[in-house]
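A.B. asks: Pasting data03.txt here (compact mmCIF, C-alpha atoms and all ligand atoms):
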# COMPACT_ATOMS: atom_id res chain seq x y z
CA MET P 1 0.60 -12.35 -8.15
CA TYR P 2 3.52 -9.92 -7.78
CA GLU P 3 3.35 -6.78 -5.67
CA LYS P 4 5.81 -4.22 -4.35
CA THR P 5 5.87 -2.85 -0.82
CA LEU P 6 8.19 -0.95 1.48
CA GLY P 7 8.95 -2.77 4.68
CA ILE P 8 11.34 -3.14 7.60
CA VAL P 9 12.65 -6.43 8.99
CA LEU P 10 11.44 -6.94 12.59
CA ARG P 11 12.71 -10.50 12.93
CA GLU P 12 14.78 -12.96 10.91
CA THR P 13 14.91 -16.72 11.29
CA ASP P 14 17.10 -19.15 9.37
CA TYR P 15 15.02 -21.54 7.32
CA LYS P 16 16.14 -24.67 5.45
CA GLU P 17 19.63 -24.60 4.01
CA LYS P 18 19.95 -21.08 2.62
CA ASP P 19 16.62 -19.33 3.19
CA LYS P 20 15.32 -16.95 5.82
CA LEU P 21 11.85 -16.33 7.14
CA LEU P 22 11.42 -12.61 7.68
CA THR P 23 8.83 -10.84 9.79
CA LEU P 24 8.26 -7.58 7.95
CA LEU P 25 6.31 -4.52 8.97
CA THR P 26 4.95 -2.97 5.79
CA ALA P 27 2.83 0.12 5.26
CA GLU P 28 0.28 -1.59 3.00
CA TYR P 29 -0.16 -5.00 4.60
CA GLY P 30 0.89 -4.50 8.20
CA LYS P 31 2.95 -7.36 9.60
CA ILE P 32 3.62 -10.26 7.24
CA THR P 33 5.89 -13.27 7.13
CA VAL P 34 8.00 -13.52 4.00
CA ARG P 35 10.26 -16.30 2.78
CA ALA P 36 13.53 -15.03 1.31
CA ARG P 37 14.96 -17.83 -0.82
CA GLY P 38 18.70 -18.39 -1.04
CA VAL P 39 19.46 -15.24 0.91
CA ARG P 40 22.03 -16.97 3.12
CA GLY P 41 23.95 -18.14 0.07
CA ALA P 42 27.33 -16.55 -0.73
CA HIS P 43 26.16 -14.69 -3.83
CA SER P 44 22.72 -13.45 -2.82
CA LYS P 45 21.99 -9.85 -3.86
CA SER P 46 19.36 -9.52 -1.14
CA LYS P 47 21.62 -10.11 1.88
CA ALA P 48 21.59 -6.47 3.05
CA ALA P 49 17.84 -6.05 2.60
CA CYS P 50 17.03 -9.22 4.54
CA GLN P 51 18.85 -8.40 7.80
CA LEU P 52 17.24 -7.17 11.01
CA LEU P 53 16.17 -3.49 10.85
CA ALA P 54 16.85 -3.06 7.14
CA TYR P 55 14.24 -0.93 5.35
CA SER P 56 13.72 -1.91 1.72
CA GLU P 57 11.37 -2.24 -1.16
CA PHE P 58 10.35 -5.86 -1.50
CA THR P 59 8.85 -7.42 -4.59
CA LEU P 60 6.61 -10.15 -3.24
CA PHE P 61 5.04 -13.14 -4.86
CA GLU P 62 1.86 -14.08 -3.05
CA GLN P 63 0.21 -17.45 -3.29
CA GLN P 64 -2.56 -18.59 -0.97
CA GLY P 65 -1.61 -16.01 1.63
CA ARG P 66 2.08 -16.96 1.65
CA TYR P 67 4.67 -14.44 0.56
CA THR P 68 8.05 -14.98 -1.08
CA ALA P 69 10.45 -12.11 -1.76
CA THR P 70 11.63 -12.28 -5.35
CA GLU P 71 13.57 -9.01 -5.48
CA THR P 72 14.73 -6.34 -3.03
CA LEU P 73 15.87 -2.75 -3.28
CA THR P 74 17.57 -1.48 -0.13
CA LYS P 75 16.47 1.98 1.06
CA GLU P 76 18.14 2.33 4.47
CA ILE P 77 20.10 -0.16 6.51
CA PHE P 78 21.07 2.18 9.39
CA PRO P 79 24.80 1.31 9.36
CA GLU P 80 25.39 3.52 12.45
CA LEU P 81 23.29 1.10 14.52
CA ARG P 82 25.28 -1.94 13.44
CA SER P 83 28.66 -0.68 14.61
CA ASP P 84 27.58 0.19 18.16
CA ILE P 85 26.45 -2.55 20.53
CA GLU P 86 24.34 -0.24 22.71
CA LEU P 87 22.52 1.28 19.74
CA LEU P 88 21.98 -2.12 18.15
CA ALA P 89 20.59 -3.51 21.40
CA LEU P 90 18.22 -0.58 21.81
CA ALA P 91 17.10 -0.75 18.18
CA SER P 92 16.47 -4.49 18.58
CA TYR P 93 14.23 -3.69 21.55
CA PHE P 94 12.30 -1.22 19.36
CA ALA P 95 11.89 -3.98 16.76
CA GLN P 96 10.63 -6.49 19.33
CA VAL P 97 8.11 -4.05 20.81
CA THR P 98 6.84 -3.27 17.30
CA ASP P 99 6.61 -6.97 16.49
CA VAL P 100 4.54 -7.60 19.62
CA ILE P 101 2.14 -4.73 18.93
CA ALA P 102 1.72 -5.04 15.15
CA GLN P 103 -1.04 -7.34 13.92
CA GLU P 104 -0.75 -9.73 10.98
CA ASN P 105 -2.17 -8.31 7.76
CA ASP P 106 -3.44 -5.16 9.48
CA PRO P 107 -1.99 -2.00 7.90
CA ALA P 108 -0.18 0.09 10.54
CA PRO P 109 1.39 3.19 8.99
CA GLU P 110 1.67 4.92 12.40
CA LEU P 111 3.66 2.01 13.84
CA LEU P 112 6.00 1.91 10.88
CA SER P 113 6.54 5.65 11.00
CA LEU P 114 7.28 5.58 14.76
CA LEU P 115 9.82 2.79 14.38
CA LEU P 116 11.57 4.50 11.45
CA ASN P 117 11.57 7.87 13.26
CA GLY P 118 13.03 6.25 16.37
CA LEU P 119 15.80 4.50 14.43
CA TYR P 120 16.52 7.73 12.55
CA ALA P 121 16.76 9.72 15.80
CA LEU P 122 19.24 7.18 17.21
CA SER P 123 21.40 6.72 14.12
CA LYS P 124 21.36 9.96 12.13
CA LEU P 125 20.33 12.65 14.63
CA LYS P 126 22.42 11.09 17.44
CA LYS P 127 19.77 12.00 20.02
CA PRO P 128 20.38 10.72 23.58
CA GLN P 129 19.42 7.05 23.87
CA MET P 130 17.48 7.57 27.11
CA LEU P 131 15.28 10.22 25.51
CA VAL P 132 14.65 8.37 22.26
CA LYS P 133 13.76 5.22 24.18
CA ALA P 134 11.28 7.07 26.43
CA VAL P 135 9.62 8.86 23.52
CA PHE P 136 9.35 5.61 21.58
CA GLU P 137 7.84 3.73 24.55
CA LEU P 138 5.30 6.38 25.47
CA ARG P 139 4.18 7.04 21.90
CA MET P 140 4.00 3.28 21.30
CA ALA P 141 1.67 2.98 24.32
CA CYS P 142 -0.53 5.72 22.81
CA ILE P 143 -0.67 4.02 19.39
CA SER P 144 -1.49 0.63 20.88
CA GLY P 145 -4.57 1.98 22.67
CA PHE P 146 -3.16 3.13 26.01
CA LEU P 147 -3.26 6.90 25.66
CA PRO P 148 -2.77 8.21 29.20
CA ASP P 149 -5.08 10.88 30.59
CA LEU P 150 -2.74 13.78 31.34
CA ARG P 151 -5.30 16.57 31.83
CA GLY P 152 -5.06 16.76 35.62
CA CYS P 153 -5.62 14.82 38.82
CA ALA P 154 -8.23 12.15 38.09
CA ILE P 155 -9.76 12.69 41.53
CA CYS P 156 -9.72 16.45 42.28
CA GLY P 157 -8.86 17.89 38.87
CA LYS P 158 -5.70 19.79 39.92
CA LEU P 159 -3.78 20.59 36.74
CA ALA P 160 -0.27 19.53 37.71
CA PRO P 161 -0.39 16.80 40.36
CA GLU P 162 2.72 15.04 41.64
CA ARG P 163 2.02 11.41 40.75
CA PHE P 164 1.42 9.39 37.59
CA ASN P 165 -0.53 6.19 38.15
CA ILE P 166 1.11 3.70 35.76
CA SER P 167 -1.45 0.97 36.47
CA GLN P 168 -4.36 3.21 35.47
CA GLY P 169 -2.72 5.68 33.10
CA PHE P 170 -3.79 8.89 34.84
CA LEU P 171 -2.50 11.63 37.12
CA GLN P 172 -3.10 11.95 40.85
CA CYS P 173 -2.07 14.23 43.68
CA ALA P 174 0.12 12.58 46.32
CA SER P 175 -2.67 13.20 48.84
CA CYS P 176 -5.64 12.28 46.66
CA ASN P 177 -6.81 8.75 47.26
CA ALA P 178 -9.87 6.92 46.08
CA GLU P 179 -10.72 3.26 45.73
CA GLU P 180 -10.81 3.41 41.92
CA ALA P 181 -7.37 5.09 41.95
CA SER P 182 -5.40 2.17 43.36
CA GLY P 183 -2.28 0.91 41.63
CA ILE P 184 1.36 1.85 41.28
CA ARG P 185 2.09 5.56 41.36
CA MET P 186 5.34 7.21 40.34
CA PRO P 187 6.53 10.75 41.13
CA ILE P 188 6.21 13.16 38.21
CA SER P 189 7.66 16.67 38.06
CA PHE P 190 6.02 19.46 36.08
CA GLY P 191 8.78 19.32 33.42
CA THR P 192 8.24 15.60 32.90
CA LEU P 193 4.49 16.08 32.72
CA GLN P 194 4.87 18.77 30.03
CA ALA P 195 7.15 16.44 28.05
CA MET P 196 4.62 13.60 28.31
CA ARG P 197 1.81 15.87 27.13
CA TYR P 198 3.93 16.85 24.15
CA ILE P 199 4.91 13.26 23.25
CA CYS P 200 1.32 12.04 23.45
CA SER P 201 -0.15 14.76 21.25
CA CYS P 202 2.45 16.22 18.86
CA ASP P 203 2.71 15.66 15.12
CA SER P 204 4.74 12.51 14.44
CA LYS P 205 7.35 14.49 12.50
CA LYS P 206 8.10 16.63 15.56
CA LEU P 207 8.29 13.77 18.04
CA PHE P 208 11.96 14.19 18.88
CA SER P 209 12.08 18.00 18.60
CA PHE P 210 12.15 19.00 22.23
CA GLN P 211 14.68 19.50 25.00
CA LEU P 212 14.50 18.11 28.52
CA GLY P 213 16.71 18.62 31.59
CA GLU P 214 18.69 15.67 32.94
CA SER P 215 16.53 14.97 36.00
CA SER P 216 13.28 15.13 34.02
CA ALA P 217 14.79 12.89 31.35
CA VAL P 218 15.60 10.25 33.98
CA GLU P 219 12.10 10.50 35.45
CA LEU P 220 10.48 10.33 32.02
CA SER P 221 12.49 7.25 31.08
CA GLN P 222 11.45 5.41 34.26
CA ILE P 223 7.79 6.28 33.74
CA ALA P 224 7.73 5.44 30.01
CA GLU P 225 9.42 2.05 30.42
CA SER P 226 7.26 1.00 33.38
CA TYR P 227 4.05 2.26 31.78
CA LEU P 228 4.56 0.40 28.50
CA SER P 229 5.49 -2.92 30.11
CA MET P 230 2.67 -2.60 32.66
CA ARG P 231 0.08 -1.93 29.96
CA LEU P 232 1.36 -4.69 27.67
CA GLU P 233 1.66 -7.00 30.70
CA ARG P 234 5.01 -8.37 29.63
CA GLY P 235 8.76 -7.86 29.61
CA PHE P 236 11.19 -7.97 26.68
CA TYR P 237 14.39 -10.00 26.53
CA THR P 238 15.86 -7.38 24.19
CA LEU P 239 15.30 -4.75 26.90
CA ASP P 240 16.93 -6.97 29.52
CA PHE P 241 19.93 -7.37 27.23
CA TYR P 242 20.14 -3.63 26.55
CA LYS P 243 20.08 -2.87 30.28
CA SER P 244 22.66 -5.58 31.02
CA LEU P 245 25.18 -3.54 28.99
CA PHE P 246 25.16 -0.84 31.66
CA TYR P 247 25.76 -2.97 34.75
ZN ZN X 1 -5.93 15.56 43.33
So, in terms of structure tokens, how does the structure I just supplied come out?
C.D. replies:
Amino acid sequence: MYEKTLGIVLRETDYKEKDKLLTLLTAEYGKITVRARGVRGAHSKSKAACQLLAYSEFTLFEQQGRYTATETLTKEIFPELRSDIELLALASYFAQVTDVIAQENDPAPELLSLLLNGLYALSKLKKPQMLVKAVFELRMACISGFLPDLRGCAICGKLAPERFNISQGFLQCASCNAEEASGIRMPISFGTLQAMRYICSCDSKKLFSFQLGESSAVELSQIAESYLSMRLERGFYTLDFYKSLFY
């Protein structure tokens, strides 16, 4: 059976002499593995569509749950990301996080939209990397079931407390302690808190439409990165590589 779907390449692996196995995130089918035949050959028309982070329409042939791409139509390959090592490294981290969170054969339109919006913000809108990364990480945590409680201190209810508990995903005053509120706490300014509230609740189209001062942006980026990796209980080699570019 043949079917068409839009999808983005999250991972590519060489397979046999001239093929590739692609991990695609599609709107209709969620994450699927697709064999792209002959795509590493010199004359393949699907080369561009079958590279990491390319967004294309794939015509798929499905047999017994296995997919083969028979035709591709490239929609967006984000050329700006491919000519800049920092941007490519950061975008690769976005792809790996998405790959880890997406489930096989489970439609995930929100995930796909977040990844595409993030790549668009980096490549076309030229938004600051630190901000795009933080927004992506925090929103990704929300989508994957770790929506933080940002209403107020979890113990006394104060509206703008000074700590965010990244182990528990809630706010706390510096002086409020309780047994159930153990874990790692990070300082959070009011500006950062407002930004987090916005990121966790805004319409996905407006995700990158806000401004943030330099010090709040730094604080937000530390919180977002720590929170996501703490909740997912893992690190990412693509993130390690991205960070290694700055030291
Ligand atoms: Zn409190």
A.B. asks: Given a cut-off of 10 Å, what residues near ligand ZN 1 (chain X) show up using only C-alpha atoms and all ligand atoms, put as a ChimeraX atom specification?
C.D. replies: /P:152-163,171-178
A.B. asks: Excluding range 99-116 of chain P and its own-chain neighbours fewer than 3 positions away, which residues fall within 8 Å of it when counting only C-alpha atoms? Please give them as a VMD selection string.
C.D. replies: chain P and resid 10 to 11 25 to 32 94 to 96 119 to 120 136 139 to 140 143 to 144 204
A.B. asks: Got time to write the residues from that selection, C-alpha atoms, as a PDB file, in the frame of the given file?
C.D. replies:
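Ended up saving to again.pdb:
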ATOM      1  CA  LEU P  10      11.440  -6.940  12.590  1.00  0.00           C
ATOM      2  CA  ARG P  11      12.710 -10.500  12.930  1.00  0.00           C
ATOM      3  CA  LEU P  25       6.310  -4.520   8.970  1.00  0.00           C
ATOM      4  CA  THR P  26       4.950  -2.970   5.790  1.00  0.00           C
ATOM      5  CA  ALA P  27       2.830   0.120   5.260  1.00  0.00           C
ATOM      6  CA  GLU P  28       0.280  -1.590   3.000  1.00  0.00           C
ATOM      7  CA  TYR P  29      -0.160  -5.000   4.600  1.00  0.00           C
ATOM      8  CA  GLY P  30       0.890  -4.500   8.200  1.00  0.00           C
ATOM      9  CA  LYS P  31       2.950  -7.360   9.600  1.00  0.00           C
ATOM     10  CA  ILE P  32       3.620 -10.260   7.240  1.00  0.00           C
ATOM     11  CA  PHE P  94      12.300  -1.220  19.360  1.00  0.00           C
ATOM     12  CA  ALA P  95      11.890  -3.980  16.760  1.00  0.00           C
ATOM     13  CA  GLN P  96      10.630  -6.490  19.330  1.00  0.00           C
ATOM     14  CA  LEU P 119      15.800   4.500  14.430  1.00  0.00           C
ATOM     15  CA  TYR P 120      16.520   7.730  12.550  1.00  0.00           C
ATOM     16  CA  PHE P 136       9.350   5.610  21.580  1.00  0.00           C
ATOM     17  CA  ARG P 139       4.180   7.040  21.900  1.00  0.00           C
ATOM     18  CA  MET P 140       4.000   3.280  21.300  1.00  0.00           C
ATOM     19  CA  ILE P 143      -0.670   4.020  19.390  1.00  0.00           C
ATOM     20  CA  SER P 144      -1.490   0.630  20.880  1.00  0.00           C
ATOM     21  CA  SER P 204       4.740  12.510  14.440  1.00  0.00           C
TER      22      SER P 204
END
A.B. asks: Could I get the residues of range 30-100 of chain P with an atom no further than 7 Å from an atom of range 121-132 of chain P, each paired with its nearest atom pair and that distance in Å to one decimal, using only C-alpha atoms, sorted by chain and residue number, as CSV?
C.D. replies:
residue,atom,partner,partner_atom,distance
P:Phe78,CA,P:Ser123,CA,6.6
P:Glu80,CA,P:Ser123,CA,5.4
P:Leu81,CA,P:Ser123,CA,5.9
A.B. asks: What's the 12 Å shell around Met1 in chain P, counting only C-alpha atoms, without same-chain residues fewer than 5 positions away, as a list of chain:residue names?
C.D. replies: P:Thr59, P:Leu60, P:Phe61, P:Glu62, P:Gln63, P:Gln64, P:Gly65, P:Arg66, P:Tyr67, P:Thr68, P:Ala69, P:Thr70
A.B. asks: Residues near Glu76 in chain P, anyone? I mean within 10 Å using all atoms listed in the file, not counting same-chain ones fewer than 2 positions away, as a PyMOL selection string.
C.D. replies: chain P and resi 8+48-49+53-57+73-74+78-79+116+120
A.B. asks: Those same residues - C-alpha atoms - I'd like them written as a compact mmCIF listing (two decimals), in the frame of the given file.
C.D. replies:
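Wrote it out as again-v7.txt, contents follow:
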# COMPACT_ATOMS: atom_id res chain seq x y z
CA ILE P 8 11.34 -3.14 7.60
CA ALA P 48 21.59 -6.47 3.05
CA ALA P 49 17.84 -6.05 2.60
CA LEU P 53 16.17 -3.49 10.85
CA ALA P 54 16.85 -3.06 7.14
CA TYR P 55 14.24 -0.93 5.35
CA SER P 56 13.72 -1.91 1.72
CA GLU P 57 11.37 -2.24 -1.16
CA LEU P 73 15.87 -2.75 -3.28
CA THR P 74 17.57 -1.48 -0.13
CA PHE P 78 21.07 2.18 9.39
CA PRO P 79 24.80 1.31 9.36
CA LEU P 116 11.57 4.50 11.45
CA TYR P 120 16.52 7.73 12.55
A.B. asks: Return the single residue from P:Leu245, P:Leu228, P:Ile184, P:Ala217 that is closest to Ala89 in chain P, with distances computed using all atoms listed in the file.
C.D. replies: P:Leu245
A.B. asks: So which one's closest to Glu180 in chain P, P:Asn117, P:Ser229, P:Gln168, P:Gln211? Using only C-alpha atoms, please.
C.D. replies: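 Under the stated criterion, the closest residue is P:Gln168.
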A.B. asks: Which is closest to Lys45 in chain P among P:Thr5, P:Thr72, P:Ser189, P:Gln222, if we use all atoms listed in the file?
C.D. replies: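 Residue with the minimum atom-to-atom distance to Lys45 in chain P: P:Thr72.
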A.B. asks: Identify, on the basis of only C-alpha atoms, every residue whose closest approach to Arg185 in chain P does not exceed 7 Å; exclude the query and any residue fewer than 3 positions from it along the same chain; express the result as a list of chain:residue names.
C.D. replies: P:Arg163, P:Phe164, P:Asn165, P:Ile166
A.B. asks: What is the CA of Ser46 in chain P-CA of Leu22 in chain P distance in Å, reported with one decimal?
C.D. replies: 12.3 Å
A.B. asks: Between CA of Arg231 in chain P and CA of Ser167 in chain P, what is the distance, to one decimal in Å?
C.D. replies: 7.3 Å
A.B. asks: Which one is closest to Leu138 in chain P: P:Tyr247, P:Tyr198, P:Phe58, P:Phe210? Count only C-alpha atoms.
C.D. replies: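 For Leu138 in chain P, the nearest of the given residues is P:Tyr198.
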A.B. asks: Smallest atom-to-atom distance to Asp240 in chain P: which of P:Val9, P:Met186, P:Leu90, P:Ile85, using all atoms listed in the file?
C.D. replies: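 Using all atoms listed in the file, Asp240 in chain P sits closest to P:Leu90.
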A.B. asks: Which is closest to Glu225 in chain P among P:Lys16, P:Lys206, P:Arg197, P:Lys133, if we use all atoms listed in the file?
C.D. replies: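 The closest residue to Glu225 in chain P is P:Lys133.
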A.B. asks: Can you work out the spacing between CA of Pro148 in chain P and CA of Arg234 in chain P in Å, to one decimal?
C.D. replies: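 Between these atoms lies a distance of 18.3 Å.
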A.B. asks: Please rebuild range 155-182 of chain P with N, CA and C atoms and return the result as an mmCIF file, in the frame of the given file.
C.D. replies:
data_model
loop_
_atom_site.group_PDB
_atom_site.id
_atom_site.type_symbol
_atom_site.label_atom_id
_atom_site.label_comp_id
_atom_site.auth_asym_id
_atom_site.auth_seq_id
_atom_site.Cartn_x
_atom_site.Cartn_y
_atom_site.Cartn_z
ATOM 1 N N ILE P 155 -8.830 12.637 40.411
ATOM 2 C CA ILE P 155 -9.760 12.690 41.530
ATOM 3 C C ILE P 155 -10.238 14.113 41.819
ATOM 4 N N CYS P 156 -9.297 15.079 41.938
ATOM 5 C CA CYS P 156 -9.720 16.450 42.280
ATOM 6 C C CYS P 156 -9.605 17.427 41.114
ATOM 7 N N GLY P 157 -8.936 17.016 40.035
ATOM 8 C CA GLY P 157 -8.860 17.890 38.870
ATOM 9 C C GLY P 157 -7.690 18.854 38.831
ATOM 10 N N LYS P 158 -6.865 18.890 39.901
ATOM 11 C CA LYS P 158 -5.700 19.790 39.920
ATOM 12 C C LYS P 158 -4.847 19.577 38.666
ATOM 13 N N LEU P 159 -4.400 20.681 38.060
ATOM 14 C CA LEU P 159 -3.780 20.590 36.740
ATOM 15 C C LEU P 159 -2.401 19.930 36.688
ATOM 16 N N ALA P 160 -1.614 20.116 37.745
ATOM 17 C CA ALA P 160 -0.270 19.530 37.710
ATOM 18 C C ALA P 160 0.015 18.735 38.982
ATOM 19 N N PRO P 161 -0.621 17.592 39.152
ATOM 20 C CA PRO P 161 -0.390 16.800 40.360
ATOM 21 C C PRO P 161 0.979 16.121 40.350
ATOM 22 N N GLU P 162 1.336 15.508 41.475
ATOM 23 C CA GLU P 162 2.720 15.040 41.640
ATOM 24 C C GLU P 162 2.914 13.555 41.373
ATOM 25 N N ARG P 163 1.873 12.863 40.989
ATOM 26 C CA ARG P 163 2.020 11.410 40.750
ATOM 27 C C ARG P 163 1.394 11.020 39.425
ATOM 28 N N PHE P 164 2.036 10.003 38.775
ATOM 29 C CA PHE P 164 1.420 9.390 37.590
ATOM 30 C C PHE P 164 1.120 7.939 37.959
ATOM 31 N N ASN P 165 -0.116 7.541 37.800
ATOM 32 C CA ASN P 165 -0.530 6.190 38.150
ATOM 33 C C ASN P 165 -0.307 5.295 36.920
ATOM 34 N N ILE P 166 0.771 4.479 36.964
ATOM 35 C CA ILE P 166 1.110 3.700 35.760
ATOM 36 C C ILE P 166 0.175 2.501 35.567
ATOM 37 N N SER P 167 -0.500 2.074 36.623
ATOM 38 C CA SER P 167 -1.450 0.970 36.470
ATOM 39 C C SER P 167 -2.707 1.443 35.739
ATOM 40 N N GLN P 168 -3.105 2.693 36.009
ATOM 41 C CA GLN P 168 -4.360 3.210 35.470
ATOM 42 C C GLN P 168 -4.176 4.170 34.304
ATOM 43 N N GLY P 169 -2.951 4.735 34.189
ATOM 44 C CA GLY P 169 -2.720 5.680 33.100
ATOM 45 C C GLY P 169 -3.320 7.047 33.330
ATOM 46 N N PHE P 170 -3.336 7.505 34.605
ATOM 47 C CA PHE P 170 -3.790 8.890 34.840
ATOM 48 C C PHE P 170 -2.988 9.544 35.953
ATOM 49 N N LEU P 171 -3.231 10.850 36.124
ATOM 50 C CA LEU P 171 -2.500 11.630 37.120
ATOM 51 C C LEU P 171 -3.258 11.659 38.439
ATOM 52 N N GLN P 172 -2.503 11.869 39.512
ATOM 53 C CA GLN P 172 -3.100 11.950 40.850
ATOM 54 C C GLN P 172 -2.236 12.846 41.727
ATOM 55 N N CYS P 173 -2.853 13.533 42.660
ATOM 56 C CA CYS P 173 -2.070 14.230 43.680
ATOM 57 C C CYS P 173 -1.526 13.170 44.641
ATOM 58 N N ALA P 174 -0.428 13.514 45.336
ATOM 59 C CA ALA P 174 0.120 12.580 46.320
ATOM 60 C C ALA P 174 -0.904 12.310 47.417
ATOM 61 N N SER P 175 -1.724 13.328 47.723
ATOM 62 C CA SER P 175 -2.670 13.200 48.840
ATOM 63 C C SER P 175 -4.057 12.741 48.423
ATOM 64 N N CYS P 176 -4.313 12.697 47.124
ATOM 65 C CA CYS P 176 -5.640 12.280 46.660
ATOM 66 C C CYS P 176 -5.725 10.763 46.570
ATOM 67 N N ASN P 177 -6.638 10.190 47.319
ATOM 68 C CA ASN P 177 -6.810 8.750 47.260
ATOM 69 C C ASN P 177 -8.264 8.404 47.047
ATOM 70 N N ALA P 178 -8.506 7.396 46.291
ATOM 71 C CA ALA P 178 -9.870 6.920 46.080
ATOM 72 C C ALA P 178 -9.744 5.451 45.712
ATOM 73 N N GLU P 179 -10.787 4.709 45.953
ATOM 74 C CA GLU P 179 -10.720 3.260 45.730
ATOM 75 C C GLU P 179 -10.396 2.929 44.272
ATOM 76 N N GLU P 180 -11.019 3.691 43.347
ATOM 77 C CA GLU P 180 -10.810 3.410 41.920
ATOM 78 C C GLU P 180 -9.424 3.882 41.455
ATOM 79 N N ALA P 181 -8.682 4.575 42.334
ATOM 80 C CA ALA P 181 -7.370 5.090 41.950
ATOM 81 C C ALA P 181 -6.244 4.278 42.594
ATOM 82 N N SER P 182 -6.475 3.000 42.802
ATOM 83 C CA SER P 182 -5.400 2.170 43.360
ATOM 84 C C SER P 182 -4.409 1.850 42.255
#
